[in-house]
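Here is model.cif, consisting of mmCIF, C-alpha atoms:
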data_coords
#
loop_
_atom_site.group_PDB
_atom_site.id
_atom_site.type_symbol
_atom_site.label_atom_id
_atom_site.label_comp_id
_atom_site.auth_asym_id
_atom_site.auth_seq_id
_atom_site.Cartn_x
_atom_site.Cartn_y
_atom_site.Cartn_z
ATOM 1 C CA THR R 1 -66.648 -80.813 3.481
ATOM 2 C CA ASN R 2 -68.299 -81.986 6.697
ATOM 3 C CA LEU R 3 -66.476 -80.383 9.602
ATOM 4 C CA GLY R 4 -68.410 -82.281 12.245
ATOM 5 C CA ALA R 5 -69.375 -79.067 14.026
ATOM 6 C CA LYS R 6 -71.111 -75.834 13.183
ATOM 7 C CA ALA R 7 -68.372 -73.439 12.083
ATOM 8 C CA ALA R 8 -68.579 -69.802 13.168
ATOM 9 C CA LEU R 9 -67.556 -68.332 9.812
ATOM 10 C CA GLN R 10 -67.801 -64.681 10.923
ATOM 11 C CA SER R 11 -64.956 -65.173 13.374
ATOM 12 C CA THR R 12 -61.189 -65.385 13.567
ATOM 13 C CA ILE R 13 -61.228 -69.170 13.212
ATOM 14 C CA GLY R 14 -63.841 -68.917 10.450
ATOM 15 C CA ARG R 15 -61.663 -66.605 8.349
ATOM 16 C CA THR R 16 -58.655 -68.883 8.882
ATOM 17 C CA LEU R 17 -60.721 -71.954 7.963
ATOM 18 C CA ALA R 18 -62.100 -70.249 4.841
ATOM 19 C CA ARG R 19 -58.543 -69.441 3.716
ATOM 20 C CA ALA R 20 -57.518 -73.090 4.195
ATOM 21 C CA LEU R 21 -60.533 -74.378 2.251
ATOM 22 C CA GLU R 22 -59.880 -71.904 -0.566
ATOM 23 C CA SER R 23 -56.248 -73.076 -0.722
ATOM 24 C CA GLU R 24 -57.420 -76.671 -1.087
ATOM 25 C CA TYR R 25 -59.831 -75.657 -3.869
ATOM 26 C CA CYS R 26 -57.109 -73.686 -5.694
ATOM 27 C CA ALA R 27 -54.736 -76.660 -5.512
ATOM 28 C CA GLU R 28 -57.410 -78.862 -7.103
ATOM 29 C CA MET R 29 -58.013 -76.292 -9.867
ATOM 30 C CA MET R 30 -54.282 -76.042 -10.573
ATOM 31 C CA VAL R 31 -54.299 -79.698 -11.644
ATOM 32 C CA ASP R 32 -56.772 -78.835 -14.437
ATOM 33 C CA ASP R 33 -54.686 -75.795 -15.404
ATOM 34 C CA TRP R 34 -51.562 -77.962 -15.501
ATOM 35 C CA HIS R 35 -53.220 -80.476 -17.839
ATOM 36 C CA SER R 36 -54.403 -77.644 -20.128
ATOM 37 C CA LEU R 37 -50.902 -76.168 -20.201
ATOM 38 C CA ILE R 38 -49.320 -79.511 -21.119
ATOM 39 C CA LYS R 39 -51.957 -80.088 -23.832
ATOM 40 C CA ASN R 40 -51.282 -76.631 -25.322
ATOM 41 C CA ILE R 41 -47.514 -77.197 -25.348
ATOM 42 C CA LYS R 42 -47.938 -80.616 -27.009
ATOM 43 C CA ASN R 43 -50.079 -78.903 -29.673
ATOM 44 C CA GLY R 44 -47.305 -76.356 -30.331
ATOM 45 C CA ASP R 45 -48.771 -73.423 -28.371
ATOM 46 C CA SER R 46 -46.127 -72.181 -25.939
ATOM 47 C CA SER R 47 -47.499 -68.639 -25.612
ATOM 48 C CA THR R 48 -48.058 -67.367 -22.100
ATOM 49 C CA ALA R 49 -50.301 -64.379 -22.854
ATOM 50 C CA ASN R 50 -52.207 -62.626 -25.633
ATOM 51 C CA MET R 51 -49.933 -59.658 -26.325
ATOM 52 C CA GLU R 52 -52.140 -57.903 -28.932
ATOM 53 C CA LYS R 53 -53.313 -55.197 -26.501
ATOM 54 C CA TRP R 54 -49.878 -54.602 -24.959
ATOM 55 C CA ASP R 55 -48.622 -52.374 -27.796
ATOM 56 C CA PRO R 56 -49.250 -48.740 -26.741
ATOM 57 C CA SER R 57 -49.241 -47.636 -30.399
ATOM 58 C CA THR R 58 -52.566 -49.502 -30.808
ATOM 59 C CA TRP R 59 -54.232 -47.674 -27.913
ATOM 60 C CA PRO R 60 -56.688 -44.805 -28.418
ATOM 61 C CA LYS R 61 -55.510 -41.270 -27.547
ATOM 62 C CA HIS R 62 -57.644 -41.347 -24.392
ATOM 63 C CA ALA R 63 -58.183 -44.639 -22.531
ATOM 64 C CA LYS R 64 -59.663 -45.726 -19.228
ATOM 65 C CA GLY R 65 -59.337 -49.099 -17.578
ATOM 66 C CA VAL R 66 -60.810 -50.890 -14.598
ATOM 67 C CA GLY R 67 -59.803 -54.221 -13.146
ATOM 68 C CA THR R 68 -61.349 -55.938 -10.153
ATOM 69 C CA ALA R 69 -60.587 -59.258 -8.540
ATOM 70 C CA SER R 70 -61.126 -61.274 -5.424
ATOM 71 C CA ALA R 71 -57.781 -61.566 -3.659
ATOM 72 C CA PRO R 72 -56.896 -63.608 -0.543
ATOM 73 C CA ARG R 73 -57.461 -60.578 1.701
ATOM 74 C CA GLY R 74 -60.698 -59.480 -0.044
ATOM 75 C CA ALA R 75 -61.835 -57.223 -2.894
ATOM 76 C CA LEU R 76 -59.159 -55.573 -5.048
ATOM 77 C CA GLY R 77 -59.723 -52.806 -7.597
ATOM 78 C CA HIS R 78 -57.500 -50.906 -10.035
ATOM 79 C CA TRP R 79 -58.502 -47.801 -12.040
ATOM 80 C CA ILE R 80 -56.378 -46.058 -14.681
ATOM 81 C CA VAL R 81 -56.702 -43.093 -17.052
ATOM 82 C CA ILE R 82 -54.237 -42.779 -19.955
ATOM 83 C CA ASN R 83 -53.869 -39.648 -22.119
ATOM 84 C CA ASP R 84 -51.460 -39.410 -25.049
ATOM 85 C CA GLY R 85 -49.773 -42.669 -24.023
ATOM 86 C CA LYS R 86 -49.042 -41.448 -20.489
ATOM 87 C CA ILE R 87 -50.699 -42.415 -17.236
ATOM 88 C CA GLU R 88 -52.720 -39.447 -16.037
ATOM 89 C CA ASN R 89 -54.295 -41.119 -13.023
ATOM 90 C CA TYR R 90 -53.899 -44.497 -11.344
ATOM 91 C CA GLN R 91 -55.660 -45.734 -8.254
ATOM 92 C CA ALA R 92 -55.615 -49.067 -6.472
ATOM 93 C CA VAL R 93 -58.035 -49.860 -3.671
ATOM 94 C CA VAL R 94 -56.644 -52.881 -1.879
ATOM 95 C CA PRO R 95 -58.465 -55.278 0.477
ATOM 96 C CA THR R 96 -56.978 -53.729 3.618
ATOM 97 C CA THR R 97 -58.448 -50.364 2.560
ATOM 98 C CA TRP R 98 -61.925 -51.904 2.370
ATOM 99 C CA ASN R 99 -61.551 -54.039 5.517
ATOM 100 C CA GLY R 100 -60.041 -51.253 7.626
ATOM 101 C CA SER R 101 -62.339 -48.508 6.396
ATOM 102 C CA PRO R 102 -63.980 -46.153 8.884
ATOM 103 C CA ARG R 103 -67.736 -45.782 9.148
ATOM 104 C CA ASP R 104 -69.361 -44.697 5.915
ATOM 105 C CA PRO R 105 -71.724 -41.683 5.634
ATOM 106 C CA GLU R 106 -74.655 -43.935 6.605
ATOM 107 C CA GLY R 107 -72.866 -45.073 9.780
ATOM 108 C CA ASN R 108 -72.049 -48.604 8.569
ATOM 109 C CA ILE R 109 -68.884 -49.942 10.153
ATOM 110 C CA GLY R 110 -65.944 -51.556 8.377
ATOM 111 C CA ALA R 111 -65.009 -55.227 8.636
ATOM 112 C CA PHE R 112 -62.204 -54.708 11.180
ATOM 113 C CA GLU R 113 -64.496 -52.795 13.523
ATOM 114 C CA ALA R 114 -67.361 -55.261 13.064
ATOM 115 C CA SER R 115 -65.086 -58.209 13.862
ATOM 116 C CA LEU R 116 -63.996 -56.622 17.154
ATOM 117 C CA LEU R 117 -67.483 -55.841 18.494
ATOM 118 C CA GLY R 118 -68.144 -58.092 21.454
ATOM 119 C CA THR R 119 -64.676 -59.667 21.345
ATOM 120 C CA PRO R 120 -63.807 -60.579 24.933
ATOM 121 C CA VAL R 121 -60.361 -59.361 26.014
ATOM 122 C CA GLU R 122 -58.993 -61.272 28.990
ATOM 123 C CA ARG R 123 -56.201 -58.805 29.814
ATOM 124 C CA ALA R 124 -56.353 -55.211 28.557
ATOM 125 C CA GLU R 125 -52.576 -54.951 29.095
ATOM 126 C CA GLU R 126 -52.022 -57.774 26.572
ATOM 127 C CA PRO R 127 -54.931 -57.652 24.098
ATOM 128 C CA VAL R 128 -53.861 -60.704 22.083
ATOM 129 C CA GLU R 129 -57.496 -61.408 21.161
ATOM 130 C CA ILE R 130 -57.634 -58.098 19.270
ATOM 131 C CA LEU R 131 -54.370 -58.843 17.466
ATOM 132 C CA ARG R 132 -55.485 -62.378 16.546
ATOM 133 C CA THR R 133 -58.778 -61.092 15.191
ATOM 134 C CA LEU R 134 -57.168 -58.374 13.067
ATOM 135 C CA HIS R 135 -54.398 -60.714 11.911
ATOM 136 C CA SER R 136 -57.066 -63.150 10.679
ATOM 137 C CA PHE R 137 -57.746 -60.582 7.917
ATOM 138 C CA ASP R 138 -54.027 -60.737 6.989
ATOM 139 C CA PRO R 139 -53.839 -56.932 6.805
ATOM 140 C CA CYS R 140 -51.156 -55.285 4.735
ATOM 141 C CA LEU R 141 -50.162 -52.583 7.228
ATOM 142 C CA ALA R 142 -48.202 -51.845 10.350
ATOM 143 C CA CYS R 143 -50.282 -52.990 13.308
ATOM 144 C CA SER R 144 -51.021 -50.866 16.365
ATOM 145 C CA THR R 145 -53.778 -51.298 18.937
ATOM 146 C CA HIS R 146 -54.964 -48.729 21.462
ATOM 147 C CA VAL R 147 -57.090 -50.207 24.258
ATOM 148 C CA MET R 148 -59.373 -47.559 25.744
ATOM 149 C CA SER R 149 -61.546 -47.559 28.853
ATOM 150 C CA GLU R 150 -65.251 -46.731 28.558
ATOM 151 C CA ASP R 151 -64.491 -43.111 29.519
ATOM 152 C CA GLY R 152 -61.828 -42.743 26.798
ATOM 153 C CA GLU R 153 -58.684 -43.240 28.882
ATOM 154 C CA GLU R 154 -55.932 -45.109 27.026
ATOM 155 C CA LEU R 155 -55.181 -48.291 28.976
ATOM 156 C CA ILE R 156 -52.420 -49.607 26.718
ATOM 157 C CA ASN R 157 -50.864 -48.916 23.324
ATOM 158 C CA VAL R 158 -49.531 -52.045 21.570
ATOM 159 C CA LYS R 159 -47.361 -51.814 18.452
ATOM 160 C CA VAL R 160 -46.329 -54.879 16.483
ATOM 161 C CA ARG R 161 -43.038 -54.484 14.622
#
Can the structure from this file be put into structure tokens for me?
Amino acid sequence: TNLGAKAALQSTIGRTLARALESEYCAEMMVDDWHSLIKNIKNGDSSTANMEKWDPSTWPKHAKGVGTASAPRGALGHWIVINDGKIENYQAVVPTTWNGSPRDPEGNIGAFEASLLGTPVERAEEPVEILRTLHSFDPCLACSTHVMSEDGEELINVKVR
């Protein structure tokens, strides 16, 4: 798609634009899925899933599973350990966990922090630019912003309910 201007993709508007373009792409792909579904039904296949692996009696005594996907907010991962047919451990790492992560042991910053570096804030008392930037990630969390002066004094504490 020719946007007629150079898009700043690593920005609030860039993330919003990317989400819109992905939605358009998904809508186009759904047409193909719809045609495949109709073809399958016409051929007598009305199944919605392969259920062979969903019978716990067929599982080994000890099982591990991993599932990863790209979700609208970012990377999504699930890990599970099953012993004797019971879940021993389950962990989900959701996109907001990745995006809002603190600095790693090597000092690399997370996506939220990186997106705020150099973001001009017109009024520290109403830091809407910070909220817009963080909301462009569509975080799955309660939102609170603390605006600090260079010497560490809290200028304002904003909570979104």
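The residues returned by the PyMOL selection byres ((chain R and resi 51-60) around 12) on the shown structure are Ser47, Thr48, Ala49, Asn50, Lys61, His62, Ala63, Lys64, Gly65, Val81, Ile82, Asn83, Asp84, Gly85, Lys86 and Ile87 of chain R.
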Just C-alpha atoms for this one: save the residues we selected as a compact mmCIF listing (two decimals), in the coordinates of the input.
# COMPACT_ATOMS: atom_id res chain seq x y z
CA SER R 47 -47.50 -68.64 -25.61
CA THR R 48 -48.06 -67.37 -22.10
CA ALA R 49 -50.30 -64.38 -22.85
CA ASN R 50 -52.21 -62.63 -25.63
CA LYS R 61 -55.51 -41.27 -27.55
CA HIS R 62 -57.64 -41.35 -24.39
CA ALA R 63 -58.18 -44.64 -22.53
CA LYS R 64 -59.66 -45.73 -19.23
CA GLY R 65 -59.34 -49.10 -17.58
CA VAL R 81 -56.70 -43.09 -17.05
CA ILE R 82 -54.24 -42.78 -19.95
CA ASN R 83 -53.87 -39.65 -22.12
CA ASP R 84 -51.46 -39.41 -25.05
CA GLY R 85 -49.77 -42.67 -24.02
CA LYS R 86 -49.04 -41.45 -20.49
CA ILE R 87 -50.70 -42.42 -17.24
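Every protein, DNA or RNA residue with an atom at most 7 Å from His146 (chain R), where all atoms listed in the file count and chain neighbours fewer than 2 positions away do not, is listed here: Ser144, Met148, Glu154, Ile156, Asn157 and Val158 of chain R.
Atom pair CA of Phe112 (chain R) / CA of Leu131 (chain R): separated by 10.9 Å.
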Run the PyMOL selection byres ((chain R and resi 96-104) around 8) on the file and write out the hits as a PyMOL selection string. chain R and resi 73-75+93-95+105-113+137+139-141
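One distance worth recording is that between CA of Gln91 (chain R) and CA of Val66 (chain R), which is 9.7 Å.
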Region 116-119 of chain R environment, 8 Å, only C-alpha atoms, sequence neighbours closer than 2 positions dropped, as a count of residues only: 7
Convert the output of the PyMOL selection byres ((chain R and resi 77) around 7) on the shown file into explicit residues, formatted as number ranges by chain. R: 67-69, 75-76, 78-79, 92-94
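For the pair CA of Ala18 (chain R) and CA of Trp34 (chain R), the separation is 24.2 Å.
For the set R:Glu122, R:Asp45, R:Lys159, R:Pro72, the residue with the smallest atom-to-atom gap to Ala20 (chain R) is R:Pro72, counting all atoms listed in the file.
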Spatial neighbours of Ser36 (chain R), max dist 12 Å, only C-alpha atoms, sep filter under 6 positions, as a PyMOL selection string: chain R and resi 29-30+42-43+45-46
